[in-house]
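J.: Let me begin by handing over the structure; questions about it come next.
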Amino acid sequence: MIDQMTIGTLLEKYPFARTFLENNGVDPDTSMDQSLHDFFSAIDENTKEEMAIDPAHFISRLNEYISQMLSFLGETGSTVESLTILPGHYKTGEDERFSDLTIQKNEIISIVGPTGSGKSRLLGDIEWAARNDTPTGRTILINGQEPEKKWRYSSSEKLVAQLSQNMNFVMDLSVYEFLSLHAESRLITEKESVLERILDQANLLAGESFSQDTPITSLSGGQSRALMIADTAILSKSPIILIDEIENAGIDRKKALNLLVSEGKIVLMATHDPILALMGDRRIVIKNGGIETILETTDKEREILSQIEEMDRKIQSLRSRLRRGETLTGIE
Amino acid sequence: MNLITVSGPPSVGKTSVILKTIESLKNRGLKVGVVKFDCLYTDDDTLYEKAGIEVRKGLSGGLCPDHYFVSNIEEVVDWGIRNGFDLLVSESAGLCNRCSPYIKGINAVCVIDNLSGIGTPKKIGPMLKSADIVVITKGDIVSQAEREVFASRVHSVNPKAVILHVNGLTGQGSFELSTLLFSEKDHITSLKGKTLRFSMPAALCSYCLGETRIGESYQMGNVRKIDLGKEQ
Ligand SMILES: Nc1nc2c(ncn2[C@@H]2O[C@H](COP(=O)(O)OP(=O)(O)OP(=O)(O)O)[C@@H](O)[C@H]2O)c(=O)[nH]1
Ligand SMILES: [Mg+2]
């Protein structure tokens with residue numbers, strides 16, 4: 001029984017239980033030699049009332065926490081190799097006409113279509129691992145099979161991580177503290193080396209480099225995006241990343257996508273930007289709440305992509321020359 | 001009729017989430033009513049009315065809002081049943097973070113937002129710790145990492161709850177929430193005999209009873225003194 005052993009023994013057995021104790025009003029360091037049972041017995045009813053502690057409820061939540069954490073740690077990485085979308089119907093009720101769409105790990109898929117056409121519902125279906133029980137009637141398979149329940153209800157394992165345009169950092173922390181916090185919440189053991197890798201990658205993506213002592217709220221837009229992407233690629237447990245546009249400033253978008261893919265993620269990217277859209281291997285075209293068609297990026301389009309990347313490079317270079325105070329005498 | 005109690009700190013997005021979720025419930029042909037409990041003032045009733053939802057509001061005024069909730073919820077449930085609702089949602093603002101008007105056997109939802117800071121889950125009492133479903137809002141304005149850290153903090157104080165991310169503006173996640181809120185087997189016909197999940201703090205000092213004068217001699221009943229430490 002976990003309430004009979006001393007708190008010291010409890011923490012030796014389950015080091016992660018410290019988080020639970022601290023967040024639930026028990027300071028483990030002042031009561032190492034006591035059991036939780038004795039700890040609660042020593043508190044009078046008034047104080048329990050005051051601290052809003054119900055010992056039975058406390059112990060049952062702790063038991064639940066320990067068993068969930070043990071299964072979380074014991075997992076030998078339930079890798080997601082592929083994601084399959086089976087057709088449902090349009091807003092009008094008409095059936096979608098594609099047969100099925102399977103996306104492999106390391107693949108980049110763009111999603112295009114007018115605003116309000118059903119992009120977020122598609123994402124919702126994937127996130128919730130739809131089983132013909134969402135408004136679109138679609139079904140999602142993981143590795144070709146009906147997904148495990150945990151993808152719906154577990155708080156520590158979500159299928160989809162999201163990187164969206166208007167995200168900010170709100171915590172008052174340095175880059176290092178911020179990444180530590182995230183790593184600790186994931187119970188990462190080799191924290192220092194993982195943090196170093198994230199910072200290095202983020203600096204490869206960002207136009208201007210930053211140190212681990214920089215407060216996250218004072219990073220520039222490009223640096224923030226670079227840090228968010230590197231952190232999501234390396235620390236997030238979610239196998240699927242949804243990107244809602246990546247602004248084209250202060251960040252190398254191609255490297256960013258390559259980083260995500262090289263970490264074994266499936267990347268879905270909703271975008272109106274031709275450069276991003278064509279970086280995908282395929283693109284899903286959405287219309288009236290349904291998947292209208294799935295297009296492969298053609299060789300001709302790849303050629304066009306290099307041309308617009310070239311144009312983009314020129315615009316970027318004009319931008320930095322203007323920023324340096326130069327007078328323009330020609331393009332390039 | 002099913003009853004759902006939704007609570008959470010002020011302005012976290014309770015009404016936004018409830019409105020979006022009711023849209024999905026209506027699509028399933030369910031009739032939903034709302035009762036809003038607040039302390040001094042609320043506009044929420046007009047928001048629900050605008051959406052065509054039958055609503056009643058109760059303001060506790062000078063009383064503790066959670067005490068007010070318990071003393072009125074039975075009548076409100078009877079009102080809902082008389083109106084033929086399939087689901088009655090009660091919305092209340094958790095004003096002191098200590099209480100929760102959750103009832104044993106009645107689905108309890110706690111709403112908190114990503115902006116409130118990672119220390120917040122630890123500060124909220126039974127309102128968060130004993131909820132069945134925790135809804136986290138405003139994920140659209142923070143980073144993926146912050147969402148993950150925040151959710152893990154919530155998980156560490158309430159590992160039993162289902163934790164869902166819902167965007168109160170776009171409604172993303174509200175369909176998913178709606179699937180957890182109604183079940184034929186959760187029907188009730190009255191709240192008679194039900195009990196609260198957690199006792200409310202014993203109030204009843206002289207100030208509860210209307211005293212306004214400051215000073216030891218006016219303090220009666222349940223009084224506790226702050227510990228200011230020893231001084232030389
Ligand atoms: N960005 C963002 N804003 C939100 C979200 N959810 C709600 N809001 C906004 O937050 C504000 C408060 O939302 P409400 O739904 O009124 O909050 P509440 O919890 O019902 O507030 P009270 O009932 O007054 O305690 C509104 O301006 C909403 O538009 C969200 O997910 N993202
Ligand atoms: Mg409200």
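Just so we're on the same page: first chain in the structure tokens is A, next is B, and so on; residues restart at 1 for each chain, and ligands are numbered from 1 in the order they show up.
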Would you name the residues within 6 Å of ligand 1, counting only C-alpha atoms and all ligand atoms, and put them as an NGL selection string?
T.: :B and (10-16 or 93 or 137-138 or 140-141 or 167-169)
J.: Could you write out the selected residues, including C-alpha atoms, as an mmCIF file, in the first residue's frame?
T.:
```cif
data_model
loop_
_atom_site.group_PDB
_atom_site.id
_atom_site.type_symbol
_atom_site.label_atom_id
_atom_site.label_comp_id
_atom_site.auth_asym_id
_atom_site.auth_seq_id
_atom_site.Cartn_x
_atom_site.Cartn_y
_atom_site.Cartn_z
ATOM 1 C CA PRO B 10 -13.724 33.829 -14.293
ATOM 2 C CA SER B 11 -13.288 34.496 -18.026
ATOM 3 C CA VAL B 12 -11.554 31.237 -18.916
ATOM 4 C CA GLY B 13 -14.046 30.549 -21.685
ATOM 5 C CA LYS B 14 -16.826 28.530 -20.041
ATOM 6 C CA THR B 15 -19.654 30.204 -21.956
ATOM 7 C CA SER B 16 -17.778 30.040 -25.268
ATOM 8 C CA ALA B 93 -17.602 30.765 -11.830
ATOM 9 C CA THR B 137 -8.926 26.612 -23.525
ATOM 10 C CA LYS B 138 -6.980 29.332 -25.325
ATOM 11 C CA ASP B 140 -4.419 29.056 -29.882
ATOM 12 C CA ILE B 141 -2.381 31.769 -28.210
ATOM 13 C CA ASN B 167 -10.833 26.417 -28.577
ATOM 14 C CA GLY B 168 -13.703 28.616 -27.436
ATOM 15 C CA LEU B 169 -13.404 30.859 -30.490
#
```
J.: Based on only C-alpha atoms, which of the residues in chain A come within 7 Å of chain B? I want them as an mmCIF file with N, CA and C atoms, in the first residue's frame.
T.:
```cif
data_model
loop_
_atom_site.group_PDB
_atom_site.id
_atom_site.type_symbol
_atom_site.label_atom_id
_atom_site.label_comp_id
_atom_site.auth_asym_id
_atom_site.auth_seq_id
_atom_site.Cartn_x
_atom_site.Cartn_y
_atom_site.Cartn_z
ATOM 1 N N THR A 19 6.453 15.052 -8.264
ATOM 2 C CA THR A 19 5.620 16.061 -8.925
ATOM 3 C C THR A 19 4.203 16.041 -8.365
ATOM 4 N N PHE A 20 3.678 14.829 -8.216
ATOM 5 C CA PHE A 20 2.311 14.714 -7.717
ATOM 6 C C PHE A 20 2.206 15.300 -6.304
ATOM 7 N N ASN A 23 2.557 19.124 -6.264
ATOM 8 C CA ASN A 23 1.419 19.830 -6.849
ATOM 9 C C ASN A 23 0.137 19.625 -6.057
ATOM 10 N N ASN A 24 0.186 18.713 -5.089
ATOM 11 C CA ASN A 24 -1.018 18.466 -4.311
ATOM 12 C C ASN A 24 -0.839 18.842 -2.838
ATOM 13 N N GLU A 49 -9.642 20.425 6.138
ATOM 14 C CA GLU A 49 -10.687 21.240 5.540
ATOM 15 C C GLU A 49 -10.059 22.467 4.882
ATOM 16 N N ALA A 52 -8.188 21.698 1.917
ATOM 17 C CA ALA A 52 -9.059 20.987 0.970
ATOM 18 C C ALA A 52 -8.452 19.645 0.582
ATOM 19 N N ARG A 61 -6.063 9.112 -6.237
ATOM 20 C CA ARG A 61 -5.489 9.828 -7.375
ATOM 21 C C ARG A 61 -4.005 9.500 -7.538
ATOM 22 N N GLU A 64 -3.595 6.201 -9.229
ATOM 23 C CA GLU A 64 -3.884 6.347 -10.650
ATOM 24 C C GLU A 64 -2.683 6.985 -11.367
ATOM 25 N N TYR A 65 -2.122 8.016 -10.740
ATOM 26 C CA TYR A 65 -0.994 8.729 -11.328
ATOM 27 C C TYR A 65 0.186 7.775 -11.511
ATOM 28 N N GLY A 124 -9.438 17.888 -36.900
ATOM 29 C CA GLY A 124 -10.190 17.368 -35.756
ATOM 30 C C GLY A 124 -10.398 15.865 -35.873
ATOM 31 N N TYR A 153 -8.057 9.725 -25.253
ATOM 32 C CA TYR A 153 -8.289 10.158 -23.877
ATOM 33 C C TYR A 153 -7.038 10.438 -23.056
ATOM 34 N N SER A 155 -3.798 12.218 -21.660
ATOM 35 C CA SER A 155 -3.375 13.612 -21.707
ATOM 36 C C SER A 155 -1.915 13.726 -22.121
ATOM 37 N N SER A 156 -1.148 12.664 -21.908
ATOM 38 C CA SER A 156 0.279 12.765 -22.215
ATOM 39 C C SER A 156 0.586 12.300 -23.634
ATOM 40 N N ALA A 161 0.367 17.277 -32.723
ATOM 41 C CA ALA A 161 0.899 18.505 -32.142
ATOM 42 C C ALA A 161 0.655 19.608 -33.151
ATOM 43 N N GLN A 162 0.346 20.798 -32.673
ATOM 44 C CA GLN A 162 -0.034 21.860 -33.593
ATOM 45 C C GLN A 162 0.899 23.059 -33.530
ATOM 46 N N LEU A 163 1.315 23.497 -34.676
ATOM 47 C CA LEU A 163 2.115 24.722 -34.740
ATOM 48 C C LEU A 163 1.299 25.729 -35.526
ATOM 49 N N ASN A 166 -0.396 32.178 -34.935
ATOM 50 C CA ASN A 166 -0.459 33.249 -33.936
ATOM 51 C C ASN A 166 -0.038 32.795 -32.542
ATOM 52 N N MET A 167 0.825 31.754 -32.485
ATOM 53 C CA MET A 167 1.247 31.295 -31.177
ATOM 54 C C MET A 167 2.333 32.199 -30.607
ATOM 55 N N ASN A 168 2.240 32.419 -29.326
ATOM 56 C CA ASN A 168 3.257 33.199 -28.629
ATOM 57 C C ASN A 168 3.742 32.402 -27.441
ATOM 58 N N PHE A 169 4.856 32.833 -26.898
ATOM 59 C CA PHE A 169 5.234 32.307 -25.593
ATOM 60 C C PHE A 169 4.618 33.224 -24.551
ATOM 61 N N VAL A 170 4.061 32.662 -23.515
ATOM 62 C CA VAL A 170 3.520 33.522 -22.462
ATOM 63 C C VAL A 170 4.255 33.341 -21.136
ATOM 64 N N HIS A 182 9.708 21.558 -20.168
ATOM 65 C CA HIS A 182 9.066 20.671 -21.126
ATOM 66 C C HIS A 182 9.668 19.268 -21.032
ATOM 67 N N SER A 185 8.442 17.478 -17.978
ATOM 68 C CA SER A 185 7.065 16.996 -18.078
ATOM 69 C C SER A 185 7.006 15.723 -18.915
ATOM 70 N N MET A 228 10.046 26.896 -31.371
ATOM 71 C CA MET A 228 8.837 26.078 -31.274
ATOM 72 C C MET A 228 8.941 24.842 -32.154
ATOM 73 N N THR A 232 9.187 21.080 -30.822
ATOM 74 C CA THR A 232 8.129 20.142 -31.182
ATOM 75 C C THR A 232 8.708 18.917 -31.892
#
```
J.: I want to know what sits within 12 Å of Arg28 (chain B), based on only C-alpha atoms, with residues of the same chain fewer than 6 positions away left out; could you give that as a PyMOL selection string?
T.: (chain A and resi 133-135) or (chain B and resi 21-22+86-87+175+178-179+182)
J.: Could you please extract the residues within 12 Å of ligand 2, counting only C-alpha atoms and all ligand atoms, and hand them back as a PyMOL selection string?
T.: chain B and resi 6-19+34-39+41-48+57+89-94+111+168
J.: Enumerate the residues of region 19-69 of chain B with a DSSP assignment of strand (DSSP E or B), computed from the backbone, and present them as a PyMOL selection string.
T.: chain B and resi 32-38+54-59
J.: Excluding Ala230 (chain A) and residues on its chain fewer than 2 positions from it, collect all residues at most 8 Å away from it, counting only C-alpha atoms, and give them as number ranges by chain.
T.: A: 198-199, 201-202, 226-228, 232-234, 256, 259-260
J.: Can I get the selected residues back with N, CA and C atoms, as a PDB file, in the first residue's frame?
T.:
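Result went into selection_0.pdb, see below:
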```pdb
ATOM      1  N   ILE A 198      18.173  20.645 -29.143  1.00  0.00           N
ATOM      2  CA  ILE A 198      17.075  21.526 -29.543  1.00  0.00           C
ATOM      3  C   ILE A 198      17.601  22.931 -29.827  1.00  0.00           C
ATOM      4  N   LEU A 199      18.454  23.415 -28.920  1.00  0.00           N
ATOM      5  CA  LEU A 199      18.977  24.768 -29.087  1.00  0.00           C
ATOM      6  C   LEU A 199      19.805  24.875 -30.377  1.00  0.00           C
ATOM      7  N   GLN A 201      19.537  23.005 -33.091  1.00  0.00           N
ATOM      8  CA  GLN A 201      18.644  22.939 -34.248  1.00  0.00           C
ATOM      9  C   GLN A 201      17.901  24.263 -34.435  1.00  0.00           C
ATOM     10  N   ALA A 202      17.408  24.821 -33.333  1.00  0.00           N
ATOM     11  CA  ALA A 202      16.657  26.076 -33.429  1.00  0.00           C
ATOM     12  C   ALA A 202      17.552  27.160 -34.028  1.00  0.00           C
ATOM     13  N   ALA A 226      11.393  29.239 -34.722  1.00  0.00           N
ATOM     14  CA  ALA A 226      12.462  28.244 -34.814  1.00  0.00           C
ATOM     15  C   ALA A 226      12.510  27.394 -33.540  1.00  0.00           C
ATOM     16  N   LEU A 227      12.392  28.053 -32.396  1.00  0.00           N
ATOM     17  CA  LEU A 227      12.434  27.309 -31.133  1.00  0.00           C
ATOM     18  C   LEU A 227      11.218  26.389 -30.996  1.00  0.00           C
ATOM     19  N   MET A 228      10.046  26.896 -31.371  1.00  0.00           N
ATOM     20  CA  MET A 228       8.837  26.078 -31.274  1.00  0.00           C
ATOM     21  C   MET A 228       8.941  24.842 -32.154  1.00  0.00           C
ATOM     22  N   THR A 232       9.187  21.080 -30.822  1.00  0.00           N
ATOM     23  CA  THR A 232       8.129  20.142 -31.182  1.00  0.00           C
ATOM     24  C   THR A 232       8.708  18.917 -31.892  1.00  0.00           C
ATOM     25  N   ALA A 233       9.696  19.155 -32.764  1.00  0.00           N
ATOM     26  CA  ALA A 233      10.293  18.034 -33.494  1.00  0.00           C
ATOM     27  C   ALA A 233      10.950  17.058 -32.528  1.00  0.00           C
ATOM     28  N   ILE A 234      11.662  17.587 -31.547  1.00  0.00           N
ATOM     29  CA  ILE A 234      12.513  16.732 -30.729  1.00  0.00           C
ATOM     30  C   ILE A 234      11.844  16.298 -29.427  1.00  0.00           C
ATOM     31  N   ALA A 256      13.290  23.670 -41.627  1.00  0.00           N
ATOM     32  CA  ALA A 256      12.342  23.383 -40.551  1.00  0.00           C
ATOM     33  C   ALA A 256      11.540  22.118 -40.868  1.00  0.00           C
ATOM     34  N   LEU A 259      13.722  19.058 -40.641  1.00  0.00           N
ATOM     35  CA  LEU A 259      13.973  18.652 -39.259  1.00  0.00           C
ATOM     36  C   LEU A 259      12.806  17.804 -38.739  1.00  0.00           C
ATOM     37  N   LEU A 260      11.582  18.282 -38.963  1.00  0.00           N
ATOM     38  CA  LEU A 260      10.414  17.544 -38.476  1.00  0.00           C
ATOM     39  C   LEU A 260      10.375  16.145 -39.078  1.00  0.00           C
TER      40      LEU A 260
END
```
J.: Write down as a PyMOL selection string the residues of region 113-224 of chain B whose backbone DSSP state falls under alpha helix (DSSP H).
T.: chain B and resi 120-123+126-129+144-157+174-178
J.: What does the distance from CA of Ala131 (chain B) to CA of Tyr102 (chain B) come to in Å, to one decimal?
T.: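 CA of Ala131 (chain B) sits 7.7 Å away from CA of Tyr102 (chain B).
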J.: To one decimal place, how far is CA of Ile140 (chain A) from CA of Asp281 (chain A) in Å?
T.: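 Computing it gives 20.3 Å between the two atoms.
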J.: Could you check which of B:Leu88, B:Val70, B:Leu180, B:Leu40 is closest to Arg56 (chain B), using only C-alpha atoms?
T.: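 So, comparing all the options, the nearest one is B:Leu88.
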J.: Neighbouring residues of Glu96 (chain A) were defined as those with any atom within 10 Å, considering only C-alpha atoms; residues of the same chain fewer than 4 positions away were excluded. Please report them as a PyMOL selection string.
T.: chain A and resi 86-90+100+136-138+289-293
J.: Could you write out that same residue set with N, CA and C atoms as a JSON list (two decimals), in the first residue's frame?
T.:
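Result written to result-v9.json:
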```
[["chain", "number", "residue", "atom", "x", "y", "z"],
["A", 86, "LEU", "N", -9.99, 7.23, -44.25],
["A", 86, "LEU", "CA", -11.02, 6.60, -45.09],
["A", 86, "LEU", "C", -12.12, 7.62, -45.32],
["A", 87, "PRO", "N", -12.69, 7.64, -46.53],
["A", 87, "PRO", "CA", -13.63, 8.72, -46.87],
["A", 87, "PRO", "C", -14.90, 8.75, -46.03],
["A", 88, "GLY", "N", -15.44, 9.96, -45.89],
["A", 88, "GLY", "CA", -16.74, 10.17, -45.26],
["A", 88, "GLY", "C", -17.61, 10.92, -46.25],
["A", 89, "HIS", "N", -18.14, 12.06, -45.82],
["A", 89, "HIS", "CA", -18.97, 12.81, -46.76],
["A", 89, "HIS", "C", -18.77, 14.32, -46.64],
["A", 90, "TYR", "N", -19.22, 15.02, -47.67],
["A", 90, "TYR", "CA", -19.19, 16.49, -47.70],
["A", 90, "TYR", "C", -20.24, 17.05, -46.75],
["A", 100, "ASP", "N", -8.96, 5.91, -50.45],
["A", 100, "ASP", "CA", -8.42, 6.07, -49.12],
["A", 100, "ASP", "C", -7.08, 6.77, -49.26],
["A", 136, "THR", "N", -18.13, 14.37, -40.15],
["A", 136, "THR", "CA", -17.78, 14.07, -41.54],
["A", 136, "THR", "C", -17.94, 12.59, -41.87],
["A", 137, "GLY", "N", -18.10, 11.75, -40.87],
["A", 137, "GLY", "CA", -18.22, 10.31, -41.10],
["A", 137, "GLY", "C", -16.92, 9.65, -41.55],
["A", 138, "ARG", "N", -15.77, 10.34, -41.38],
["A", 138, "ARG", "CA", -14.51, 9.73, -41.79],
["A", 138, "ARG", "C", -14.02, 8.72, -40.74],
["A", 289, "GLY", "N", -16.24, 21.18, -47.17],
["A", 289, "GLY", "CA", -16.19, 20.26, -46.04],
["A", 289, "GLY", "C", -15.71, 18.87, -46.38],
["A", 290, "GLY", "N", -15.36, 18.63, -47.65],
["A", 290, "GLY", "CA", -14.91, 17.29, -48.02],
["A", 290, "GLY", "C", -13.55, 17.30, -48.68],
["A", 291, "ILE", "N", -12.92, 16.13, -48.77],
["A", 291, "ILE", "CA", -11.66, 16.01, -49.50],
["A", 291, "ILE", "C", -12.03, 15.82, -50.97],
["A", 292, "GLU", "N", -11.71, 16.83, -51.79],
["A", 292, "GLU", "CA", -12.12, 16.82, -53.18],
["A", 292, "GLU", "C", -11.21, 15.90, -53.99],
["A", 293, "THR", "N", -9.91, 16.05, -53.72],
["A", 293, "THR", "CA", -8.96, 15.21, -54.45],
["A", 293, "THR", "C", -7.60, 15.25, -53.76]]
```
J.: Can you pull out every residue within 9 Å of Ser110 (chain A), counting only C-alpha atoms, but drop anything in the same chain fewer than 6 positions away, and send it as an MDAnalysis selection string?
T.: chainID A and resid 267:271 276:285
J.: Could you state the separation of CA of Val194 (chain A) and CA of Ser236 (chain A) in Å, given to one decimal place?
T.: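 Going from CA of Val194 (chain A) over to CA of Ser236 (chain A) covers 11.9 Å.
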J.: What's around Ser180 (chain A) at 10 Å? Count only C-alpha atoms, leave out sequence neighbours fewer than 6 positions away in its own chain, and write the answer as a list in words.
T.: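 What passes the distance filter is Ser174, Arg186, Ile188, Lys191, Glu192, Val194 and Leu195 of chain A.
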J.: B:Leu128, B:Glu211, B:Leu177, B:Lys31: which is nearest Arg152 (chain A), counting only C-alpha atoms?
T.: B:Leu177
